[in-house]
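Structure first, commentary second.
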Amino acid sequence: MINDVTSEQTLDSILRCLQKTGILRRKMVRAGYESVVLQEEQMVHVSARRAGMFYRLLGAGAHVHEGDLLARILNPLDCSWLEDVTAPCEGTVFFAHNRPLALEHALIYRIVAH
């Protein structure tokens, strides 16, 4: 998806990278984040146990504690709750599913464990 916010963030990231490597000699006005290399072992995968409508409560970047409610999966026929998706550990949400439907066993969250 392309939108104004992500396009601006991408441009800022590229300019910060060019400045940090010495290619661009311009003072950056906006603050940025230092990149961190993550190892796959740090990632905790959260999959849907049931298929249904996906009602996301927390998105990428959110800090979560074990047991926090991340999302709910609803029955598409009567909108009853099929599943409460909770955080299996403390960490930061790295990826959050953003489609209206979730399939059974589909990856819906990735959390960087702390």
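For the structure tokens, the naming scheme is as follows: chains receive sequential letters (A, B, ...) according to their order of presentation, residues are indexed from 1 within each chain, and ligands are indexed from 1 in presentation order.
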
Original post:
Running DSSP on the backbone, which parts of region 44-108 of chain A land in strand (DSSP E), as a ChimeraX atom specification?
Top reply: /A:44-47,52-56,63-64,69-74,81-86,91-96,101-102,107-108

Subject >> Those in chain A with alpha helix (DSSP H) from DSSP, as a list in words >> reply: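 Across chain A, those assigned alpha helix (DSSP H) are Asp4, Val5, Thr6, Ser7, Glu8, Gln9, Thr10, Leu11, Asp12, Ser13, Ile14, Leu15, Arg16, Cys17, Leu18, Gln19 and Lys20 of chain A.
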
Original post:
Leaving out Asp84 (chain A) and any residue of its chain fewer than 5 positions from it, which residues lie within 10 Å of it when counting only C-alpha atoms, given as a list in words?
Top reply: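 Here the answer would be Ala48, Arg49, Arg50, Tyr55, Asp68, Leu69, Leu70, Ala71, Arg72, Ile73 and Leu74 of chain A.
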
Could you name the residues that touch Gln42 (chain A) at 12 Å or less, counting only C-alpha atoms, but leaving out those on the same chain fewer than 4 positions away, as a PDB file with N, CA and C atoms, in the first residue's frame?
```pdb
ATOM      1  N   VAL A  37      19.442  -4.995  13.422  1.00  0.00           N
ATOM      2  CA  VAL A  37      19.339  -6.267  12.717  1.00  0.00           C
ATOM      3  C   VAL A  37      18.724  -7.281  13.669  1.00  0.00           C
ATOM      4  N   LEU A  38      17.623  -7.877  13.239  1.00  0.00           N
ATOM      5  CA  LEU A  38      16.931  -8.868  14.057  1.00  0.00           C
ATOM      6  C   LEU A  38      17.244 -10.267  13.554  1.00  0.00           C
ATOM      7  N   CYS A  89       4.069 -13.558  24.578  1.00  0.00           N
ATOM      8  CA  CYS A  89       5.270 -13.124  25.292  1.00  0.00           C
ATOM      9  C   CYS A  89       5.298 -11.604  25.345  1.00  0.00           C
ATOM     10  N   GLU A  90       6.245 -11.072  26.101  1.00  0.00           N
ATOM     11  CA  GLU A  90       6.457  -9.628  26.115  1.00  0.00           C
ATOM     12  C   GLU A  90       7.358  -9.267  24.949  1.00  0.00           C
ATOM     13  N   GLY A  91       7.057  -8.156  24.294  1.00  0.00           N
ATOM     14  CA  GLY A  91       7.887  -7.723  23.180  1.00  0.00           C
ATOM     15  C   GLY A  91       7.247  -6.595  22.403  1.00  0.00           C
ATOM     16  N   THR A  92       7.747  -6.397  21.186  1.00  0.00           N
ATOM     17  CA  THR A  92       7.256  -5.348  20.299  1.00  0.00           C
ATOM     18  C   THR A  92       6.676  -5.994  19.048  1.00  0.00           C
ATOM     19  N   VAL A  93       5.476  -5.561  18.670  1.00  0.00           N
ATOM     20  CA  VAL A  93       4.836  -6.100  17.471  1.00  0.00           C
ATOM     21  C   VAL A  93       5.634  -5.630  16.251  1.00  0.00           C
ATOM     22  N   PHE A  94       6.123  -6.587  15.499  1.00  0.00           N
ATOM     23  CA  PHE A  94       6.926  -6.313  14.309  1.00  0.00           C
ATOM     24  C   PHE A  94       6.057  -6.347  13.056  1.00  0.00           C
ATOM     25  N   ARG A 110       3.765 -11.052  14.239  1.00  0.00           N
ATOM     26  CA  ARG A 110       5.136 -11.438  14.564  1.00  0.00           C
ATOM     27  C   ARG A 110       5.578 -10.460  15.647  1.00  0.00           C
ATOM     28  N   ILE A 111       6.107 -11.007  16.723  1.00  0.00           N
ATOM     29  CA  ILE A 111       6.516 -10.197  17.864  1.00  0.00           C
ATOM     30  C   ILE A 111       8.006 -10.402  18.095  1.00  0.00           C
ATOM     31  N   VAL A 112       8.731  -9.298  18.279  1.00  0.00           N
ATOM     32  CA  VAL A 112      10.139  -9.383  18.651  1.00  0.00           C
ATOM     33  C   VAL A 112      10.161  -9.519  20.167  1.00  0.00           C
ATOM     34  N   ALA A 113      10.573 -10.693  20.645  1.00  0.00           N
ATOM     35  CA  ALA A 113      10.568 -10.974  22.082  1.00  0.00           C
ATOM     36  C   ALA A 113      11.655 -10.183  22.785  1.00  0.00           C
ATOM     37  N   HIS A 114      11.338  -9.711  23.978  1.00  0.00           N
ATOM     38  CA  HIS A 114      12.315  -8.967  24.809  1.00  0.00           C
ATOM     39  C   HIS A 114      12.804  -9.859  25.911  1.00  0.00           C
TER      40      HIS A 114
END
```

Original post:
From the set A:Val46, A:Leu82, A:Leu77, A:Met53, which residue has the shortest atom-to-atom contact distance to Ala96 (chain A), counting only C-alpha atoms?
Top reply: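 Between A:Val46, A:Leu82, A:Leu77, A:Met53, the residue approaching Ala96 (chain A) most closely is A:Val46.
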
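If you measure from each of A:Ala62, A:Leu57, A:Leu101, A:Ala51 to Glu83 (chain A) using only C-alpha atoms, the closest one turns out to be A:Ala51.
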
**OP:** Would you work out the distance separating CA of Ala87 (chain A) from CA of Gly67 (chain A), expressed in Å to one decimal?
**Re:**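 So the two atoms, CA of Ala87 (chain A) and CA of Gly67 (chain A), lie 5.0 Å apart.
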